[in-house]
$ cat my_file10.txt   # compact mmCIF, C-alpha atoms
# COMPACT_ATOMS: atom_id res chain seq x y z
CA MET T 13 -12.63 -32.65 -68.12
CA LYS T 14 -14.71 -29.71 -69.20
CA PRO T 15 -13.67 -26.20 -68.27
CA ALA T 16 -15.46 -24.84 -65.24
CA SER T 17 -18.73 -23.10 -65.93
CA ARG T 18 -19.15 -21.27 -62.66
CA GLY T 19 -22.32 -19.21 -62.57
CA THR T 20 -23.16 -19.61 -66.22
CA THR T 21 -26.54 -21.25 -66.25
CA PRO T 22 -28.90 -21.64 -69.18
CA GLY T 23 -31.35 -18.77 -69.40
CA THR T 24 -28.98 -16.14 -68.10
CA PRO T 25 -29.08 -13.14 -70.47
CA PHE T 26 -25.91 -12.75 -72.48
CA SER T 27 -25.14 -9.27 -71.21
CA ARG T 28 -25.52 -10.54 -67.63
CA LEU T 29 -23.16 -13.42 -68.38
CA LEU T 30 -20.56 -10.97 -69.59
CA GLU T 31 -20.91 -8.85 -66.49
CA MET T 32 -20.64 -11.88 -64.20
CA LEU T 33 -17.55 -13.23 -65.91
CA ARG T 34 -15.77 -9.93 -66.45
CA PRO T 35 -13.70 -10.03 -63.23
CA ASP T 36 -12.35 -13.45 -64.11
CA LEU T 37 -11.61 -12.30 -67.64
CA VAL T 38 -9.65 -9.34 -66.28
CA ARG T 39 -7.68 -11.64 -63.97
CA PHE T 40 -6.91 -14.01 -66.81
CA ALA T 41 -5.87 -11.17 -69.11
CA LEU T 42 -3.77 -9.71 -66.33
CA TRP T 43 -1.82 -12.90 -65.82
CA LEU T 44 -1.23 -13.11 -69.54
CA ALA T 45 -0.25 -9.48 -70.03
CA ARG T 46 1.15 -8.59 -66.58
CA ASP T 47 -0.06 -5.06 -67.20
CA ARG T 48 -3.40 -3.74 -65.97
CA ALA T 49 -3.89 -1.27 -68.81
CA VAL T 50 -3.21 -3.91 -71.45
CA ALA T 51 -5.46 -6.38 -69.63
CA GLU T 52 -8.32 -3.89 -69.53
CA ASP T 53 -7.97 -3.24 -73.24
CA VAL T 54 -7.84 -6.95 -74.01
CA VAL T 55 -11.02 -7.54 -72.04
CA GLN T 56 -12.74 -4.60 -73.67
CA GLU T 57 -11.89 -6.00 -77.11
CA THR T 58 -13.02 -9.42 -75.92
CA LEU T 59 -16.42 -8.14 -74.81
CA ILE T 60 -16.97 -6.37 -78.09
CA ARG T 61 -15.96 -9.42 -80.09
CA ALA T 62 -18.08 -11.69 -77.90
CA TRP T 63 -21.09 -9.45 -78.29
CA LYS T 64 -20.75 -9.45 -82.05
CA SER T 65 -20.35 -13.24 -82.10
CA ARG T 66 -22.91 -14.02 -79.40
CA ASP T 67 -24.98 -16.19 -81.77
CA GLU T 68 -22.06 -18.61 -81.90
CA LEU T 69 -22.48 -19.43 -78.21
CA LYS T 70 -25.17 -22.09 -78.20
CA ASP T 71 -24.66 -23.22 -74.60
CA PRO T 72 -24.49 -20.50 -71.93
CA GLY T 73 -22.72 -23.04 -69.71
CA ALA T 74 -19.77 -22.88 -72.10
CA ALA T 75 -19.53 -19.09 -71.90
CA ARG T 76 -16.57 -19.09 -69.53
CA PRO T 77 -14.13 -21.17 -71.63
CA TRP T 78 -15.41 -19.49 -74.78
CA LEU T 79 -14.64 -16.05 -73.37
CA PHE T 80 -11.30 -17.13 -71.95
CA THR T 81 -10.35 -18.37 -75.40
CA ILE T 82 -11.28 -15.01 -76.90
CA VAL T 83 -9.20 -13.24 -74.23
CA ARG T 84 -6.17 -15.37 -75.06
CA ARG T 85 -6.54 -14.75 -78.78
CA GLU T 86 -7.13 -11.01 -78.34
CA HIS T 87 -4.03 -10.82 -76.18
CA ALA T 88 -1.99 -12.60 -78.84
CA ARG T 89 -3.49 -10.37 -81.55
CA LEU T 90 -2.56 -7.23 -79.65
CA TYR T 91 1.05 -8.26 -79.45
CA GLU T 92 1.07 -9.13 -83.13
CA ARG T 93 -0.72 -5.96 -84.17
CA LYS T 94 0.74 -3.39 -81.85
CA ARG T 95 4.20 -4.86 -81.39
CA LEU T 96 3.96 -4.13 -77.71
CA PRO T 97 7.15 -4.21 -75.73
CA THR T 98 7.38 -7.21 -73.48
CA VAL T 99 6.91 -6.48 -69.81
CA ASP T 100 10.02 -6.14 -67.74
CA VAL T 101 9.18 -8.12 -64.62
CA ALA T 102 11.87 -6.34 -62.64
CA GLU T 103 10.16 -3.07 -63.48
CA VAL T 104 6.76 -4.38 -62.42
CA GLU T 105 8.24 -5.47 -59.11
CA ALA T 106 10.08 -2.22 -58.64
CA LEU T 107 6.82 -0.38 -59.04
CA GLY T 108 5.38 -2.30 -56.15
CA ASP T 109 2.44 -3.29 -58.30
CA PRO T 110 -0.66 -3.27 -56.10
CA ALA T 111 -1.97 -6.16 -58.20
CA LEU T 112 0.29 -8.34 -56.18
CA ALA T 113 -1.06 -7.05 -52.92
CA THR T 114 -2.48 -9.46 -50.40
CA ASP T 115 -4.23 -9.11 -47.11
CA GLY T 116 -1.07 -9.57 -45.11
CA ASP T 117 -0.31 -12.98 -46.58
CA ALA T 118 3.36 -12.71 -47.45
CA GLY T 119 3.45 -16.25 -48.83
CA LEU T 120 0.74 -15.42 -51.33
CA LEU T 121 2.60 -12.31 -52.38
CA ASP T 122 5.75 -14.36 -53.00
CA LEU T 123 3.76 -16.86 -55.00
CA ARG T 124 2.22 -14.12 -57.16
CA ARG T 125 5.64 -12.68 -57.84
CA ALA T 126 6.93 -16.11 -58.74
CA ILE T 127 4.04 -16.72 -61.14
CA MET T 128 4.70 -13.31 -62.71
CA GLN T 129 8.28 -14.35 -63.31
CA LEU T 130 7.48 -17.65 -64.95
CA PRO T 131 8.34 -17.68 -68.66
CA ASP T 132 5.31 -17.12 -70.88
CA GLU T 133 5.37 -20.71 -72.15
CA TYR T 134 4.95 -22.00 -68.60
CA ARG T 135 2.71 -19.29 -67.16
CA GLU T 136 0.12 -19.33 -69.93
CA PRO T 137 -0.86 -23.03 -69.75
CA LEU T 138 -0.75 -22.93 -65.95
CA VAL T 139 -3.16 -20.01 -65.77
CA MET T 140 -5.39 -21.56 -68.42
CA GLN T 141 -5.57 -24.73 -66.36
CA VAL T 142 -5.91 -23.40 -62.82
CA LEU T 143 -7.85 -20.20 -63.40
CA GLY T 144 -9.56 -21.06 -66.69
CA GLY T 145 -10.41 -24.67 -65.92
CA PHE T 146 -9.11 -25.91 -69.27
CA SER T 147 -8.10 -29.56 -69.62
CA THR T 148 -4.62 -30.39 -70.84
CA ALA T 149 -6.13 -31.54 -74.16
CA GLU T 150 -7.94 -28.22 -74.55
CA ILE T 151 -4.79 -26.28 -73.73
CA ALA T 152 -2.86 -28.30 -76.28
CA SER T 153 -5.48 -27.59 -78.92
CA GLU T 154 -5.60 -23.88 -78.12
CA LEU T 155 -1.83 -23.42 -78.01
CA GLY T 156 -1.11 -25.66 -81.00
CA LEU T 157 1.03 -28.04 -78.95
CA THR T 158 1.04 -31.76 -78.36
CA GLN T 159 -0.55 -32.88 -75.14
CA ALA T 160 2.82 -34.25 -74.05
CA ALA T 161 4.38 -30.82 -74.48
CA VAL T 162 1.62 -29.25 -72.40
CA LEU T 163 2.14 -31.82 -69.63
CA THR T 164 5.84 -31.03 -69.56
CA ARG T 165 5.26 -27.29 -69.40
CA LEU T 166 2.72 -27.62 -66.60
CA PHE T 167 5.04 -29.92 -64.68
CA ARG T 168 7.94 -27.50 -65.03
CA ALA T 169 5.79 -24.53 -64.04
CA ARG T 170 4.73 -26.21 -60.80
CA ASN T 171 8.21 -27.53 -60.20
CA ARG T 172 9.59 -23.97 -60.26
CA LEU T 173 6.93 -22.85 -57.80
CA ARG T 174 7.55 -25.75 -55.39
CA THR T 175 10.69 -24.24 -53.93
CA LEU T 176 8.85 -21.02 -53.10
CA TYR T 177 6.30 -23.06 -51.24
CA GLY T 178 9.10 -24.56 -49.18
CA LEU T 179 9.20 -27.80 -51.10
CA GLU T 180 12.10 -29.50 -52.76
CA ALA T 181 12.12 -29.34 -56.56
CA VAL T 182 11.93 -32.75 -58.16
CA GLU T 183 13.89 -34.21 -61.04
CA ASP T 184 12.99 -32.63 -64.35
CA VAL T 185 11.30 -34.65 -67.08
CA GLU T 186 12.32 -35.02 -70.69
CA MET G 8 10.25 -47.38 -55.68
CA THR G 9 12.87 -44.70 -56.09
CA ASP G 10 12.79 -41.28 -57.70
CA SER G 11 14.62 -42.61 -60.74
CA HIS G 12 12.22 -45.47 -61.33
CA PRO G 13 10.43 -45.01 -64.68
CA ASP G 14 7.01 -45.45 -63.04
CA CYS G 15 7.81 -42.76 -60.50
CA ARG G 16 9.02 -40.37 -63.18
CA HIS G 17 5.88 -40.97 -65.23
CA ALA G 18 3.65 -40.57 -62.17
CA ARG G 19 5.35 -37.34 -61.13
CA LEU G 20 5.05 -35.86 -64.57
CA GLN G 21 1.32 -36.58 -64.53
CA ILE G 22 0.90 -35.34 -60.96
CA GLY G 23 2.95 -32.22 -61.54
CA ALA G 24 1.05 -31.44 -64.72
CA ASP G 25 -2.50 -32.11 -63.56
CA PRO G 26 -2.72 -33.18 -59.91
CA HIS G 27 -6.51 -33.32 -59.81
CA HIS G 28 -7.05 -35.51 -62.88
CA LEU G 29 -4.93 -38.63 -62.72
CA ALA G 30 -5.11 -41.62 -65.01
CA ASP G 31 -5.96 -44.96 -63.46
CA GLU G 32 -2.41 -46.32 -63.82
CA VAL G 33 -1.02 -43.28 -61.99
CA ARG G 34 -3.55 -43.67 -59.20
CA ALA G 35 -2.59 -47.33 -58.91
CA HIS G 36 1.09 -46.42 -58.75
CA VAL G 37 0.53 -43.76 -56.09
CA ALA G 38 -1.40 -46.24 -53.97
CA GLY G 39 1.72 -48.40 -53.70
CA CYS G 40 4.44 -45.71 -53.62
CA ALA G 41 4.81 -43.62 -50.47
CA ALA G 42 7.16 -41.11 -52.12
CA CYS G 43 4.78 -40.42 -55.00
CA ALA G 44 1.82 -40.29 -52.59
CA ARG G 45 3.65 -37.59 -50.64
CA PHE G 46 4.46 -35.79 -53.88
CA LEU G 47 0.76 -35.86 -54.80
CA ASP G 48 -0.28 -34.43 -51.41
CA GLU G 49 2.32 -31.69 -51.67
CA THR G 50 1.34 -30.80 -55.21
CA ARG G 51 -2.36 -30.63 -54.40
CA ALA G 52 -1.61 -28.38 -51.41
CA LEU G 53 0.50 -26.18 -53.67
CA ASP G 54 -2.37 -26.01 -56.14
CA GLY G 55 -4.68 -24.70 -53.47
CA ARG G 56 -2.29 -21.83 -52.84
CA LEU G 57 -1.80 -21.39 -56.56
CA ARG G 58 -5.52 -20.91 -57.12
CA ALA G 59 -5.64 -18.38 -54.27
CA ALA G 60 -2.68 -16.54 -55.76
CA LEU G 61 -4.27 -16.36 -59.21
CA GLU G 62 -7.51 -14.92 -57.80
CA LEU G 63 -6.16 -11.41 -57.79
CA PRO G 64 -8.02 -8.91 -55.60
CA LEU G 65 -9.06 -6.60 -58.41
CA ALA G 66 -10.55 -4.03 -56.08
CA GLN G 67 -7.11 -3.30 -54.68
CA PHE G 68 -5.47 -3.23 -58.03
CA ARG G 69 -4.83 -0.07 -59.97
CA ALA G 70 -2.48 0.34 -62.88
CA PRO G 71 0.86 1.44 -61.42
CA ALA G 72 2.12 4.81 -62.54
CA GLY G 73 4.59 4.58 -65.37
CA VAL G 74 3.41 1.27 -66.77
CA ARG G 75 3.56 1.40 -70.53
CA ARG G 76 0.54 1.26 -72.76
CA TRP G 77 -0.10 2.17 -76.35
CA ALA G 78 -2.29 5.23 -75.96
CA THR G 79 -2.34 7.31 -79.12
CA PRO G 80 -0.21 10.42 -79.13
CA GLN G 81 -3.31 12.56 -79.68
CA TRP G 82 -4.84 11.06 -76.56
CA LYS G 83 -1.78 11.74 -74.51
CA ILE G 84 -1.46 15.27 -75.80
CA ALA G 85 -5.14 16.01 -75.24
CA ALA G 86 -5.04 14.49 -71.77
CA SER G 87 -1.92 16.46 -70.88
CA LEU G 88 -3.40 19.70 -72.18
CA LEU G 89 -6.64 19.09 -70.35
CA PHE G 90 -4.79 18.30 -67.14
CA GLY G 91 -2.69 21.42 -67.56
CA LEU G 92 -5.74 23.60 -68.12
CA LEU G 93 -7.49 22.21 -65.08
CA VAL G 94 -4.52 22.50 -62.77
CA GLY G 95 -3.17 25.74 -64.23
CA GLY G 96 -6.53 27.43 -64.07
CA GLY G 97 -7.11 26.19 -60.57
CA VAL G 98 -10.48 24.96 -61.65
CA TRP G 99 -11.76 21.59 -60.64
CA LEU G 100 -15.46 21.16 -60.42
CA ALA G 101 -16.14 18.06 -58.39
CA THR G 102 -19.43 17.04 -59.89
CA THR G 103 -21.23 13.94 -58.80
CA PRO G 104 -22.31 11.55 -61.55
CA PRO G 105 -26.04 11.82 -60.70
CA ALA G 106 -25.87 15.58 -61.21
CA LEU G 107 -24.09 15.05 -64.48
CA ALA G 108 -26.66 12.47 -65.55
CA GLY G 109 -29.42 14.93 -64.75
CA ASP G 110 -27.80 17.60 -66.89
CA VAL G 111 -27.38 15.15 -69.76
CA VAL G 112 -31.04 14.13 -69.60
CA GLU G 113 -32.11 17.75 -69.37
CA HIS G 114 -30.05 18.53 -72.44
CA ILE G 115 -31.40 15.75 -74.64
CA ARG G 116 -34.99 16.51 -73.63
CA HIS G 117 -34.55 19.79 -75.44
CA GLU G 118 -33.50 18.03 -78.61
CA ALA G 119 -36.29 15.47 -78.77
CA ALA G 120 -36.33 15.52 -82.56
CA SER G 121 -32.91 13.90 -82.59
CA TRP G 122 -34.48 10.53 -81.74
CA GLY G 123 -36.55 10.58 -84.91
CA MET G 124 -33.63 10.57 -87.36
CA HIS G 125 -33.07 7.43 -89.42
CA ASP G 126 -30.67 8.22 -92.24
CA ALA G 127 -26.94 7.85 -91.66
CA LEU G 128 -25.14 11.18 -91.88
CA PRO G 129 -22.16 11.66 -94.20
CA ALA G 130 -18.88 11.08 -92.37
CA SER G 131 -17.86 14.65 -93.22
CA ASP G 132 -20.84 16.07 -91.31
CA VAL G 133 -20.05 13.98 -88.25
CA GLY G 134 -16.39 14.90 -88.58
CA LYS G 135 -17.17 18.62 -88.41
CA VAL G 136 -19.10 18.17 -85.17
CA LEU G 137 -16.31 16.14 -83.62
CA GLN G 138 -13.71 18.62 -84.81
CA ALA G 139 -15.64 21.50 -83.25
CA ALA G 140 -15.33 19.75 -79.89
CA GLY G 141 -11.78 18.55 -80.45
CA VAL G 142 -12.59 14.86 -80.00
CA GLU G 143 -12.49 11.70 -82.10
CA PHE G 144 -15.10 8.99 -82.33
CA ASP G 145 -15.00 5.80 -84.36
CA THR G 146 -17.99 3.49 -84.47
CA ALA G 147 -19.41 0.91 -86.82
CA MET G 148 -22.91 2.06 -85.89
CA PRO G 149 -24.55 4.56 -88.24
CA VAL G 150 -24.62 8.08 -86.84
CA VAL G 151 -28.02 9.57 -87.67
CA TYR G 152 -27.77 12.82 -85.72
CA ALA G 153 -24.77 14.95 -84.83
CA SER G 154 -24.71 18.35 -83.22
CA ALA G 155 -21.99 20.37 -81.51
CA CYS G 156 -23.89 21.45 -78.41
CA PRO G 157 -23.11 23.82 -75.58
CA PHE G 158 -22.98 21.84 -72.35
CA ARG G 159 -21.68 23.09 -69.03
CA GLY G 160 -19.72 25.85 -70.69
CA ARG G 161 -18.12 23.63 -73.32
CA THR G 162 -18.92 22.41 -76.79
CA VAL G 163 -19.63 18.70 -76.82
CA PRO G 164 -20.72 16.29 -79.56
CA HIS G 165 -24.31 15.15 -79.15
CA LEU G 166 -24.84 12.13 -81.39
CA VAL G 167 -27.55 9.59 -82.03
CA VAL G 168 -26.41 6.21 -83.33
CA GLN G 169 -28.57 3.39 -84.61
CA SER G 170 -27.81 0.20 -82.71
CA ALA G 171 -29.40 -3.24 -82.87
CA GLN G 172 -31.40 -2.16 -79.83
CA GLY G 173 -32.65 1.02 -81.51
CA PRO G 174 -31.43 4.60 -81.38
CA LEU G 175 -28.98 5.57 -78.66
CA THR G 176 -27.91 9.05 -77.73
CA VAL G 177 -24.20 9.47 -77.19
CA MET G 178 -22.62 12.50 -75.58
CA LEU G 179 -18.84 12.70 -75.63
CA LEU G 180 -17.89 14.56 -72.47
CA ALA G 181 -14.15 15.03 -72.69
CA HIS G 182 -14.15 17.44 -69.75
CA GLU G 183 -16.48 15.58 -67.36
CA LYS G 184 -14.50 13.10 -65.34
CA VAL G 185 -16.33 10.22 -63.69
CA THR G 186 -14.60 7.59 -61.61
CA ARG G 187 -16.84 4.63 -62.26
CA ARG G 188 -19.60 3.27 -64.43
CA THR G 189 -22.94 4.67 -63.27
CA GLU G 190 -26.34 3.65 -64.57
CA PHE G 191 -29.30 5.95 -64.21
CA GLU G 192 -32.96 6.27 -65.13
CA GLU G 193 -34.61 9.65 -65.36
CA ASN G 194 -37.61 11.11 -67.15
CA GLY G 195 -38.15 7.98 -69.22
CA PHE G 196 -34.53 7.66 -70.25
CA SER G 197 -32.18 4.86 -69.27
CA GLY G 198 -28.52 5.68 -69.44
CA VAL G 199 -25.04 4.98 -68.33
CA LEU G 200 -22.06 7.22 -67.65
CA LEU G 201 -18.74 5.57 -68.41
CA PRO G 202 -15.23 6.77 -67.58
CA ALA G 203 -13.15 7.53 -70.67
CA GLY G 204 -9.67 8.72 -69.89
CA GLU G 205 -9.91 12.15 -68.31
CA GLY G 206 -13.51 12.46 -69.42
CA SER G 207 -16.61 10.37 -69.80
CA VAL G 208 -19.20 9.17 -72.27
CA ALA G 209 -22.94 9.21 -71.67
CA VAL G 210 -25.05 6.66 -73.55
CA LEU G 211 -28.84 6.81 -73.28
CA SER G 212 -31.83 4.94 -74.62
CA ARG G 213 -35.51 5.70 -74.39
CA GLY G 214 -36.33 2.22 -73.14
CA ALA G 215 -34.37 -0.59 -71.57
CA GLN G 216 -30.95 -0.04 -70.08
CA VAL G 217 -28.13 0.17 -72.61
CA PRO G 218 -26.48 -3.29 -72.91
CA GLY G 219 -23.04 -3.31 -71.34
CA PRO G 220 -21.13 -4.52 -74.41
CA VAL G 221 -22.83 -1.91 -76.60
CA ALA G 222 -21.85 0.82 -74.16
CA HIS G 223 -18.30 -0.58 -74.06
CA GLU G 224 -18.16 -0.56 -77.85
CA ILE G 225 -19.21 3.07 -77.91
CA VAL G 226 -16.80 4.22 -75.22
CA SER G 227 -13.93 2.36 -76.85
CA GLY G 228 -14.41 4.50 -79.96
CA ALA G 229 -13.99 7.81 -78.13
CA ARG G 230 -10.63 9.56 -78.06
CA TRP G 231 -9.46 12.90 -76.77
$ encode --input "my_file10.txt" --output "structure tokens"
Amino acid sequence: MKPASRGTTPGTPFSRLLEMLRPDLVRFALWLARDRAVAEDVVQETLIRAWKSRDELKDPGAARPWLFTIVRREHARLYERKRLPTVDVAEVEALGDPALATDGDAGLLDLRRAIMQLPDEYREPLVMQVLGGFSTAEIASELGLTQAAVLTRLFRARNRLRTLYGLEAVEDVE
Amino acid sequence: MTDSHPDCRHARLQIGADPHHLADEVRAHVAGCAACARFLDETRALDGRLRAALELPLAQFRAPAGVRRWATPQWKIAASLLFGLLVGGGVWLATTPPALAGDVVEHIRHEAASWGMHDALPASDVGKVLQAAGVEFDTAMPVVYASACPFRGRTVPHLVVQSAQGPLTVMLLAHEKVTRRTEFEENGFSGVLLPAGEGSVAVLSRGAQVPGPVAHEIVSGARW
């Protein structure tokens, strides 16, 4: 499976591509960082890096996964470079983060909170897959894991979310 | 089949990991196993909600007060001082971006020669201009013109940088708050006003609109 290439058609100017994809990049960065300010900075760095490397993008249809990959790497670089404190999920919740707001859909709010609370090693591949459209093989390559390890992490991520959706968790896998 | 059957465990791992892309042997197993078929339906329904949950409504989302970030101490100090001056002095000029854009254009029209500069200035010369206005600006683009200009009762850096798209005028407006990115065209200039902390940055060209990433690169180098 190829990552989704929503709205990225050949012939679209590069700057327009960046503008079109920016909201999704912010969402992706936000789920990685769980902090709006950090996410905005990650995306800003991503756009600058993408602009400088724009000649590397031969197929505009591949812009979305290419940019998502840059977001993920910039996010990782920030934590390496800046030694940012990890986000305290309890604190985010206590602040009543409007990012989690919904239009009166309490179930969606619960699900967002649950995703926020997933450990990084489960949340990251899940967001890459569902929001980024990455295949399990691509996630494995990007995260430096075996495909089997990625399958296990994705299974466990969904298994943790099942109970919130009113479903019974199933037997874990080895 | 039961939950402990190896085929069921394998199928559920595959379904739970990637419910929309199943291998042929998993599909074949699901076709003959009611429990795994139900698990597949449940997981796909969950995934629909999951996608909806991940599509955060960005318009509603603002950074909550108190969330940590790594702003530089100088930035924080400058922002605090600026806030204190504005509140303490009881002065808050609510200026609309178009009016600000008009003033910026009017200002640079009076320094038309600035567009004709080609040679990069020594960093020390640029530094003096920035220092006079109490701001910082880092950019990889050569700065070919730098002047500490009076603007709306303040001293602001008026710079021209050479970009791949040609010369761009940059005005670092630490005291002019704008709430959102605003593009404008006036008197033959194309420009954009970008929020930058408690202030803003104006970037203008004499031709086509300033590319978004270039403007972002410029605004990311401004600090006050």
$ residues_near_point --input "my_file10.txt" --point "(2.7, -29.1, -63.3)" --cutoff "8 Å" --atoms "only C-alpha atoms" --output "list in words"
Leu138, Leu163, Thr164, Arg165, Leu166, Phe167, Arg168, Ala169, Arg170 and Asn171 of chain T; Leu20, Gln21, Ile22, Gly23, Ala24, Asp25 and Pro26 of chain G
$ write_last_selection --input "my_file10.txt" --atoms "C-alpha atoms" --output "compact mmCIF listing (two decimals), in the frame of the given file"
# COMPACT_ATOMS: atom_id res chain seq x y z
CA LEU T 138 -0.75 -22.93 -65.95
CA LEU T 163 2.14 -31.82 -69.63
CA THR T 164 5.84 -31.03 -69.56
CA ARG T 165 5.26 -27.29 -69.40
CA LEU T 166 2.72 -27.62 -66.60
CA PHE T 167 5.04 -29.92 -64.68
CA ARG T 168 7.94 -27.50 -65.03
CA ALA T 169 5.79 -24.53 -64.04
CA ARG T 170 4.73 -26.21 -60.80
CA ASN T 171 8.21 -27.53 -60.20
CA LEU G 20 5.05 -35.86 -64.57
CA GLN G 21 1.32 -36.58 -64.53
CA ILE G 22 0.90 -35.34 -60.96
CA GLY G 23 2.95 -32.22 -61.54
CA ALA G 24 1.05 -31.44 -64.72
CA ASP G 25 -2.50 -32.11 -63.56
CA PRO G 26 -2.72 -33.18 -59.91
$ residues_around --input "my_file10.txt" --residues "His223 of chain G" --least-positions-apart "3" --cutoff "8 Å" --atoms "only C-alpha atoms" --output "PyMOL selection string"
(chain T and resi 56+59-60) or (chain G and resi 219-220+226-227)
$ atom_distance --input "my_file10.txt" --atom1 "atom CA of Val150 of chain G" --atom2 "atom CA of Ala127 of chain G"
5.4 Å
$ atom_distance --input "my_file10.txt" --atom1 "atom CA of Lys70 of chain T" --atom2 "atom CA of Met32 of chain T"
17.9 Å
$ atom_distance --input "my_file10.txt" --atom1 "atom CA of Arg84 of chain T" --atom2 "atom CA of Leu33 of chain T"
14.8 Å
$ residues_around --input "my_file10.txt" --residues "Gly134 of chain G" --least-positions-apart "2" --cutoff "12 Å" --atoms "only C-alpha atoms" --output "ChimeraX atom specification"
/G:128-132,136-145,150,152-155,164,166
$ write_last_selection --input "my_file10.txt" --atoms "C-alpha atoms" --output "PDB file, keeping the file's coordinate frame"
ATOM      1  CA  LEU G 128     -25.140  11.180 -91.880  1.00  0.00           C
ATOM      2  CA  PRO G 129     -22.160  11.660 -94.200  1.00  0.00           C
ATOM      3  CA  ALA G 130     -18.880  11.080 -92.370  1.00  0.00           C
ATOM      4  CA  SER G 131     -17.860  14.650 -93.220  1.00  0.00           C
ATOM      5  CA  ASP G 132     -20.840  16.070 -91.310  1.00  0.00           C
ATOM      6  CA  VAL G 136     -19.100  18.170 -85.170  1.00  0.00           C
ATOM      7  CA  LEU G 137     -16.310  16.140 -83.620  1.00  0.00           C
ATOM      8  CA  GLN G 138     -13.710  18.620 -84.810  1.00  0.00           C
ATOM      9  CA  ALA G 139     -15.640  21.500 -83.250  1.00  0.00           C
ATOM     10  CA  ALA G 140     -15.330  19.750 -79.890  1.00  0.00           C
ATOM     11  CA  GLY G 141     -11.780  18.550 -80.450  1.00  0.00           C
ATOM     12  CA  VAL G 142     -12.590  14.860 -80.000  1.00  0.00           C
ATOM     13  CA  GLU G 143     -12.490  11.700 -82.100  1.00  0.00           C
ATOM     14  CA  PHE G 144     -15.100   8.990 -82.330  1.00  0.00           C
ATOM     15  CA  ASP G 145     -15.000   5.800 -84.360  1.00  0.00           C
ATOM     16  CA  VAL G 150     -24.620   8.080 -86.840  1.00  0.00           C
ATOM     17  CA  TYR G 152     -27.770  12.820 -85.720  1.00  0.00           C
ATOM     18  CA  ALA G 153     -24.770  14.950 -84.830  1.00  0.00           C
ATOM     19  CA  SER G 154     -24.710  18.350 -83.220  1.00  0.00           C
ATOM     20  CA  ALA G 155     -21.990  20.370 -81.510  1.00  0.00           C
ATOM     21  CA  PRO G 164     -20.720  16.290 -79.560  1.00  0.00           C
ATOM     22  CA  LEU G 166     -24.840  12.130 -81.390  1.00  0.00           C
TER      23      LEU G 166
END
$ closest_residue --input "my_file10.txt" --among "G:Arg51, G:His36, G:His165, G:His27" --to "Val112 of chain G" --atoms "all atoms listed in the file"
G:His165
$ closest_residue --input "my_file10.txt" --among "T:Leu123, T:Ala51, T:Ala45, T:Ala75" --to "chain G" --atoms "only C-alpha atoms"
T:Leu123
$ residues_around --input "my_file10.txt" --residues "Thr58 of chain T" --least-positions-apart "5" --cutoff "10 Å" --atoms "all atoms listed in the file" --output "list in words"
Leu30, Arg34, Leu37, Glu52, Asp53, Trp63, Lys64, Leu79, Phe80, Thr81, Ile82, Val83, Arg84, Arg85, Glu86 and His87 of chain T; Pro220 of chain G
$ closest_residue --input "my_file10.txt" --among "G:His125, G:Arg159, G:Arg19, G:Arg56" --to "Gly119 of chain T" --atoms "all atoms listed in the file"
G:Arg56
$ closest_residue --input "my_file10.txt" --among "G:Leu107, G:Val163, G:Ala44, G:Ile225" --to "chain T" --atoms "only C-alpha atoms"
G:Ile225
$ residues_near_point --input "my_file10.txt" --point "(-32.7, 13.6, -82.2)" --cutoff "12 Å" --atoms "all atoms listed in the file" --output "ChimeraX atom specification"
/G:114-126,150-154,165-169,174-177,211-213
$ closest_residue --input "my_file10.txt" --among "T:Gly145, T:Gly156, T:Pro131, T:Gly73" --to "chain G" --atoms "only C-alpha atoms"
T:Gly145
$ closest_residue --input "my_file10.txt" --among "T:Ala74, T:Leu44, T:Val185, T:Met140" --to "chain G" --atoms "all atoms listed in the file"
T:Val185
$ axis_aligned_box --input "my_file10.txt" --around "segment 157-164 of chain T" --padding-each-side "3 Å" --output "AutoDock Vina command-line options"
--center_x 2.6 --center_y -31.1 --center_z -74.3 --size_x 12.4 --size_y 12.2 --size_z 15.4
$ residues_around --input "my_file10.txt" --residues "Ala181 of chain T" --least-positions-apart "4" --cutoff "8 Å" --atoms "only C-alpha atoms" --output "list in words"
Asn171, Arg172, Arg174 and Thr175 of chain T
